[in-house]
Structures are given as C-alpha cells and as structure tokens.
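Student: Can you keep this structure in mind? I'll have questions shortly.
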Amino acid sequence: MGLVWAEETAACAASALDQLESAVSAASPVATPGSGLSWVRRRWPRLTDTVNLPPLDVDKQQVPSLVNPPSTYQVDLRALTCSCRQFHGSGIQALPGKKERLCRHLRQAYAERGNVSPLLRTVLLDEVHFNAADPWWLGEVEGVPTAIGWREGDPWVCVYTQSGGWRRGQAMFLRYSFHLDRAQWLEGHQPRQNAKAIRHLLSEWFHDPSLRG
C-alpha cells in the first residue's frame with residue numbers, strides 16, 4: 001500500500017512539474033522583429049568603455065541642485081567627490097576616472113571646467129539619456145567625432161554626432177536614436193554626414209546584417 005501511494009505521489013509530482021514547465025514555456029517571451037525583446041536573440045557587443053574622466057587640478061566649487069535650485073552641493077574635481085546623496089550612495093564606490101563615479105553635479109562641473117571635447121560635453125550634460133552604468137564608445141566614424149551608448153536589453157541605441165551646424169565657432173552635436181529591432185532611425189531623424197557608416201558599425205557590433213539598411 002505504501003509503495004502504491006509513493007508511486008502515485010511521484011506521478012502526480014511529475015505531472016505537476018510538466019504542467020509548470022509548459023506554463024513557463026508558454027509564458028516565456030519569443031523575440032520577433034519589432035517586439036523589443038532584442039536581448040533574447042541578440043549578442044551584445046563587449047567593447048571597452050572609452051570614456052575616461054581623470055581628476056582635474058581645480059578648486060572646489062558649489063553646484064546648484066537641479067531639483068531644488070536654492071540648494072547647492074560641494075564638488076571637488078581633484079578628488080572627484082560630491083556632497084550629494086547620489087554620489088555617496090553609488091558614485092563613491094567607483095574608482096576615480098570611471099564615469100560611474102560622476103553624479104550629475106560632478107558631470108556638470110566636469111563639462112564646464114574640464115578640457116573635454118564638445119562631443120563629450122554634450123554627452124555629459126544630457127540629463128535625460130545619459131546613464132553612467134551604460135557602456136559608451138567614443139571615436140570617429142568617417143572622420144566625424146561620434147559617441148554611441150547602449151543598454152543590454154534595450155533595443156534603442158543613443159548616437160551623438162555632428163549635426164552639420166555651428167554655434168559660437170564650435171561644431172554642434174545632436175543626439176539620434178536608432179532602433180535595433182526595427183533597423184531604423186527614430187522618426188527618420190538621422191545624422192547628415194555618417195548615418196550609413198554608423199549603421200554598418202552597429203551591424204558589426206551586434207552581428208546583424210539587417211542593420212546595414
């Protein structure tokens with residue numbers, strides 16, 4: 001009797017496990033073009049982060065809060081420290097020189113006082129799209145300074161490059177968004193000078209010939 005009960009219990013358990021696995025399999029997302037589930041089917045590039053932000057030999061300064069303007073935070077670009085909560089919560093754990101160390105106040109001060117390129121300044125001051133944890137590549141595409149950032153699991157890639165315009169004697173840089181699954185620029189808005197070359201570069205990085213267009 002005990003043996004029969006044990007066999008029936010094992011059979012019920014096996015059946016329940018099969019049902020659970022079937023349910024999980026049915027609920028698991030299947031990536032299809034345009035679905036946005038690109039991380040399921042795409043190999044993400046393992047490129048070396050090329051953003052380097054070493055300490056600067058300048059005096060400490062007060063940077064106003066973006067959320068509460070009357071408040072200010074003390075920024076030290078020599079030690080790359082800030083008195084804000086964001087820095088002490090996460091930035092302090094990163095080594096000096098790494099972009100992960102810079103909170104928004106350090107980025108603002110660095111962009112204003114550091115001898116950085118107009119391209120890097122544009123990237124650092126983008127409060128909406130810049131994320132220190134994302135991989136960033138800075139270089140040239142067809143001789144045009146370009147920055148590309150991406151986040152694993154997100155089909156949108158941020159591209160910063162010259163727009164063709166000039167302001168105060170310096171080249172202007174704009175942000176463009178490229179969707180990997182749809183293989184197209186957001187609303188058709190693409191760089192004037194090197195859009196095709198950027199697509200070829202993304203095609204090589206993500207091992208996807210369809211990105212060439």
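Within each chain, counting starts at residue 1; across the structure tokens, chains are named A, B, ... in the order shown, with ligands numbered 1 upward in that order.
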Within 12 Å of stretch 190-198 of chain A, counting only C-alpha atoms, which residues qualify if same-chain residues fewer than 6 places away don't, as a PyMOL selection string?
Tutor: chain A and resi 139-148+157-165+172-179+183-184+204-205+211-213
Student: Keeping only N, CA and C atoms, take the residues you just selected and write them out as an mmCIF file, in the first residue's frame.
Tutor:
```cif
data_model
loop_
_atom_site.group_PDB
_atom_site.id
_atom_site.type_symbol
_atom_site.label_atom_id
_atom_site.label_comp_id
_atom_site.auth_asym_id
_atom_site.auth_seq_id
_atom_site.Cartn_x
_atom_site.Cartn_y
_atom_site.Cartn_z
ATOM 1 N N GLY A 139 34.596 57.786 -30.451
ATOM 2 C CA GLY A 139 35.596 57.659 -31.501
ATOM 3 C C GLY A 139 35.191 58.491 -32.702
ATOM 4 N N GLU A 140 35.633 58.075 -33.866
ATOM 5 C CA GLU A 140 35.276 58.764 -35.102
ATOM 6 C C GLU A 140 34.671 57.774 -36.082
ATOM 7 N N VAL A 141 33.633 58.209 -36.760
ATOM 8 C CA VAL A 141 33.003 57.417 -37.814
ATOM 9 C C VAL A 141 33.053 58.248 -39.084
ATOM 10 N N GLU A 142 33.825 57.783 -40.042
ATOM 11 C CA GLU A 142 34.091 58.533 -41.276
ATOM 12 C C GLU A 142 34.679 59.908 -40.968
ATOM 13 N N GLY A 143 35.568 59.940 -39.981
ATOM 14 C CA GLY A 143 36.246 61.174 -39.629
ATOM 15 C C GLY A 143 35.425 62.144 -38.807
ATOM 16 N N VAL A 144 34.222 61.746 -38.412
ATOM 17 C CA VAL A 144 33.340 62.624 -37.636
ATOM 18 C C VAL A 144 33.280 62.122 -36.190
ATOM 19 N N PRO A 145 33.592 62.968 -35.198
ATOM 20 C CA PRO A 145 33.503 62.536 -33.795
ATOM 21 C C PRO A 145 32.106 62.010 -33.476
ATOM 22 N N THR A 146 32.068 60.834 -32.848
ATOM 23 C CA THR A 146 30.791 60.166 -32.591
ATOM 24 C C THR A 146 30.846 59.448 -31.251
ATOM 25 N N ALA A 147 29.732 59.491 -30.524
ATOM 26 C CA ALA A 147 29.584 58.738 -29.275
ATOM 27 C C ALA A 147 28.369 57.838 -29.404
ATOM 28 N N ILE A 148 28.514 56.593 -28.960
ATOM 29 C CA ILE A 148 27.419 55.625 -29.046
ATOM 30 C C ILE A 148 27.270 54.949 -27.690
ATOM 31 N N VAL A 157 19.448 52.523 -29.292
ATOM 32 C CA VAL A 157 20.847 52.912 -29.158
ATOM 33 C C VAL A 157 20.932 54.426 -29.291
ATOM 34 N N CYS A 158 21.659 55.075 -28.379
ATOM 35 C CA CYS A 158 21.855 56.527 -28.437
ATOM 36 C C CYS A 158 23.109 56.841 -29.245
ATOM 37 N N VAL A 159 22.976 57.746 -30.182
ATOM 38 C CA VAL A 159 24.104 58.159 -31.020
ATOM 39 C C VAL A 159 24.233 59.677 -30.950
ATOM 40 N N TYR A 160 25.421 60.148 -30.610
ATOM 41 C CA TYR A 160 25.712 61.582 -30.619
ATOM 42 C C TYR A 160 26.770 61.829 -31.690
ATOM 43 N N THR A 161 26.482 62.751 -32.588
ATOM 44 C CA THR A 161 27.459 63.079 -33.617
ATOM 45 C C THR A 161 27.172 64.474 -34.150
ATOM 46 N N GLN A 162 28.052 64.971 -35.015
ATOM 47 C CA GLN A 162 27.886 66.325 -35.526
ATOM 48 C C GLN A 162 26.620 66.444 -36.361
ATOM 49 N N SER A 163 25.953 67.579 -36.171
ATOM 50 C CA SER A 163 24.709 67.816 -36.897
ATOM 51 C C SER A 163 24.933 68.565 -38.197
ATOM 52 N N GLY A 164 26.133 69.119 -38.349
ATOM 53 C CA GLY A 164 26.415 69.925 -39.532
ATOM 54 C C GLY A 164 26.327 71.408 -39.246
ATOM 55 N N GLY A 165 25.763 71.767 -38.077
ATOM 56 C CA GLY A 165 25.649 73.172 -37.709
ATOM 57 C C GLY A 165 26.800 73.623 -36.826
ATOM 58 N N MET A 172 28.283 71.732 -33.689
ATOM 59 C CA MET A 172 27.163 71.316 -32.848
ATOM 60 C C MET A 172 26.982 69.804 -32.923
ATOM 61 N N PHE A 173 26.652 69.209 -31.778
ATOM 62 C CA PHE A 173 26.411 67.773 -31.711
ATOM 63 C C PHE A 173 24.979 67.535 -31.247
ATOM 64 N N LEU A 174 24.321 66.597 -31.893
ATOM 65 C CA LEU A 174 22.952 66.259 -31.548
ATOM 66 C C LEU A 174 22.850 64.773 -31.215
ATOM 67 N N ARG A 175 21.776 64.428 -30.520
ATOM 68 C CA ARG A 175 21.520 63.022 -30.198
ATOM 69 C C ARG A 175 20.526 62.442 -31.203
ATOM 70 N N TYR A 176 20.833 61.238 -31.654
ATOM 71 C CA TYR A 176 19.957 60.499 -32.556
ATOM 72 C C TYR A 176 19.676 59.135 -31.927
ATOM 73 N N SER A 177 18.502 58.586 -32.203
ATOM 74 C CA SER A 177 18.120 57.289 -31.636
ATOM 75 C C SER A 177 17.907 56.280 -32.756
ATOM 76 N N PHE A 178 18.540 55.109 -32.601
ATOM 77 C CA PHE A 178 18.415 54.046 -33.604
ATOM 78 C C PHE A 178 17.830 52.809 -32.942
ATOM 79 N N HIS A 179 16.784 52.235 -33.558
ATOM 80 C CA HIS A 179 16.110 51.055 -33.014
ATOM 81 C C HIS A 179 16.677 49.800 -33.676
ATOM 82 N N ALA A 183 15.543 48.378 -37.151
ATOM 83 C CA ALA A 183 16.622 48.789 -38.063
ATOM 84 C C ALA A 183 16.306 50.131 -38.711
ATOM 85 N N GLN A 184 15.932 51.095 -37.875
ATOM 86 C CA GLN A 184 15.615 52.411 -38.414
ATOM 87 C C GLN A 184 15.842 53.495 -37.371
ATOM 88 N N GLU A 204 28.203 45.414 -37.393
ATOM 89 C CA GLU A 204 29.360 44.609 -36.987
ATOM 90 C C GLU A 204 29.314 44.316 -35.493
ATOM 91 N N TRP A 205 28.991 45.320 -34.696
ATOM 92 C CA TRP A 205 28.963 45.136 -33.243
ATOM 93 C C TRP A 205 27.924 44.118 -32.814
ATOM 94 N N LEU A 211 20.973 45.536 -40.035
ATOM 95 C CA LEU A 211 21.138 46.902 -39.557
ATOM 96 C C LEU A 211 21.802 47.802 -40.589
ATOM 97 N N ARG A 212 22.391 47.195 -41.615
ATOM 98 C CA ARG A 212 23.059 47.996 -42.639
ATOM 99 C C ARG A 212 22.069 48.805 -43.467
ATOM 100 N N GLY A 213 20.847 48.315 -43.578
ATOM 101 C CA GLY A 213 19.835 49.049 -44.327
ATOM 102 C C GLY A 213 19.907 48.808 -45.817
#
```
Student: How many Å separate atom CA of A:Gln74 from atom CA of A:Gln62?
Tutor: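 Distance reported for this atom pair: 4.6 Å.
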Student: Which residues, written as a ChimeraX atom specification, have at least one atom at most 9 Å from A:Gln108, with only C-alpha atoms counted and residues fewer than 5 positions away on the same chain left out?
Tutor: /A:63,103,113,121,124-125
Student: Have a look at A:Arg182, A:Pro118, A:Gln93, A:Leu202 and name the one nearest to A:Gly149; count only C-alpha atoms.
Tutor: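 Closest to A:Gly149 of all the choices is A:Leu202.
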Student: Which residues come within 12 Å of A:Gly89, counting only C-alpha atoms, excluding same-chain residues fewer than 4 positions away, as a compact mmCIF listing (two decimals) with N, CA and C atoms, in the first residue's frame?
Tutor:
```txt
# COMPACT_ATOMS: atom_id res chain seq x y z
N THR A 81 34.71 64.09 -5.95
CA THR A 81 33.70 63.80 -4.92
C THR A 81 32.63 64.89 -4.95
N CYS A 82 31.48 64.55 -4.41
CA CYS A 82 30.37 65.49 -4.31
C CYS A 82 29.65 65.23 -3.00
N SER A 83 29.05 66.26 -2.45
CA SER A 83 28.36 66.11 -1.16
C SER A 83 26.93 65.60 -1.31
N CYS A 84 26.50 65.30 -2.53
CA CYS A 84 25.11 64.88 -2.74
C CYS A 84 24.91 63.41 -2.36
N ARG A 85 23.65 63.05 -2.20
CA ARG A 85 23.28 61.69 -1.79
C ARG A 85 23.60 60.68 -2.89
N GLN A 93 31.68 54.39 -4.84
CA GLN A 93 32.18 53.02 -4.97
C GLN A 93 33.02 52.82 -6.23
N ALA A 94 32.90 53.73 -7.19
CA ALA A 94 33.66 53.61 -8.44
C ALA A 94 35.02 54.30 -8.30
N GLU A 100 31.30 56.04 -13.94
CA GLU A 100 30.34 55.63 -12.92
C GLU A 100 30.50 56.41 -11.61
N ARG A 101 31.64 57.07 -11.45
CA ARG A 101 31.88 57.83 -10.22
C ARG A 101 31.17 59.19 -10.24
N LEU A 102 30.84 59.67 -11.42
CA LEU A 102 30.32 61.03 -11.55
C LEU A 102 28.80 61.09 -11.39
N CYS A 103 28.36 61.83 -10.38
CA CYS A 103 26.94 62.14 -10.24
C CYS A 103 26.62 63.28 -11.21
```
Student: What is the distance between atom CA of A:Val51 and atom CA of A:Lys98, in Å to one decimal?
Tutor: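 These atoms are spaced 7.5 Å apart.
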Student: Could you go through stretch 86-200 of chain A and tell me which residues DSSP, when run on the backbone, assigns to alpha helix (DSSP H), listing them as a VMD selection string?
Tutor: chain A and resid 86 to 89 104 to 113 118 to 124 195 to 200
Student: If we count only C-alpha atoms, what is near A:Asn115 at a cut-off of 12 Å, once residues fewer than 5 positions away on the same chain are taken out, given as a list of chain:residue names?
Tutor: A:Leu53, A:Pro54, A:Pro55, A:Leu56, A:Asp57, A:Val58, A:Ala109, A:Tyr110, A:Leu120, A:Arg121
Student: Let me make sure I understand: among A:Asp126, A:Leu201, A:Ser210, A:Thr72, which one has the smallest atom-to-atom distance to A:Leu180 if we use only C-alpha atoms?
Tutor: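 Counting only C-alpha atoms, the residue closest to A:Leu180 is A:Ser210.
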Student: Using Å and a single decimal, report how far atom CA of A:Asp76 sits from atom CA of A:Lys60.
Tutor: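 Pair atom CA of A:Lys60 / atom CA of A:Asp76 returns 4.6 Å.
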Student: Would you mind telling me which residue in A:Glu112, A:Asp59, A:Glu187, A:Glu152 lies nearest to A:Pro135 when using only C-alpha atoms?
Tutor: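 Of the candidates, the smallest distance to A:Pro135 is held by A:Glu152.
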Student: Using only C-alpha atoms, which of A:Leu95, A:Ala111, A:Leu47, A:Leu186 sits nearest A:Pro155?
Tutor: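 The answer is A:Leu186, which sits nearest to A:Pro155.
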Student: Name the residues of stretch 29-154 of chain A that come out as strand (DSSP E) in a backbone DSSP run; write them as a list in words.
Tutor: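 Written out, the strand (DSSP E) residues of stretch 29-154 of chain A are Gln61, Gln62, Val63, Pro64, Thr72, Tyr73, Gln74, Val75, Asp76, Thr81, Cys82, Trp136, Trp137, Leu138, Gly139, Glu140, Val141, Val144, Pro145, Thr146, Ala147, Ile148 and Gly149 of chain A.
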Student: Show which residues sit within 7 Å of A:Thr50, as a compact mmCIF listing (two decimals) with N, CA and C atoms, in the first residue's frame. Count only C-alpha atoms, and ignore same-chain residues fewer than 5 positions away.
Tutor:
```txt
# COMPACT_ATOMS: atom_id res chain seq x y z
N TRP A 136 29.72 53.07 -23.11
CA TRP A 136 29.82 54.19 -24.05
C TRP A 136 31.08 54.05 -24.88
N TRP A 137 30.92 54.27 -26.16
CA TRP A 137 32.05 54.25 -27.09
C TRP A 137 32.20 55.64 -27.69
N LEU A 138 33.40 56.19 -27.62
CA LEU A 138 33.70 57.48 -28.24
C LEU A 138 34.81 57.28 -29.26
```
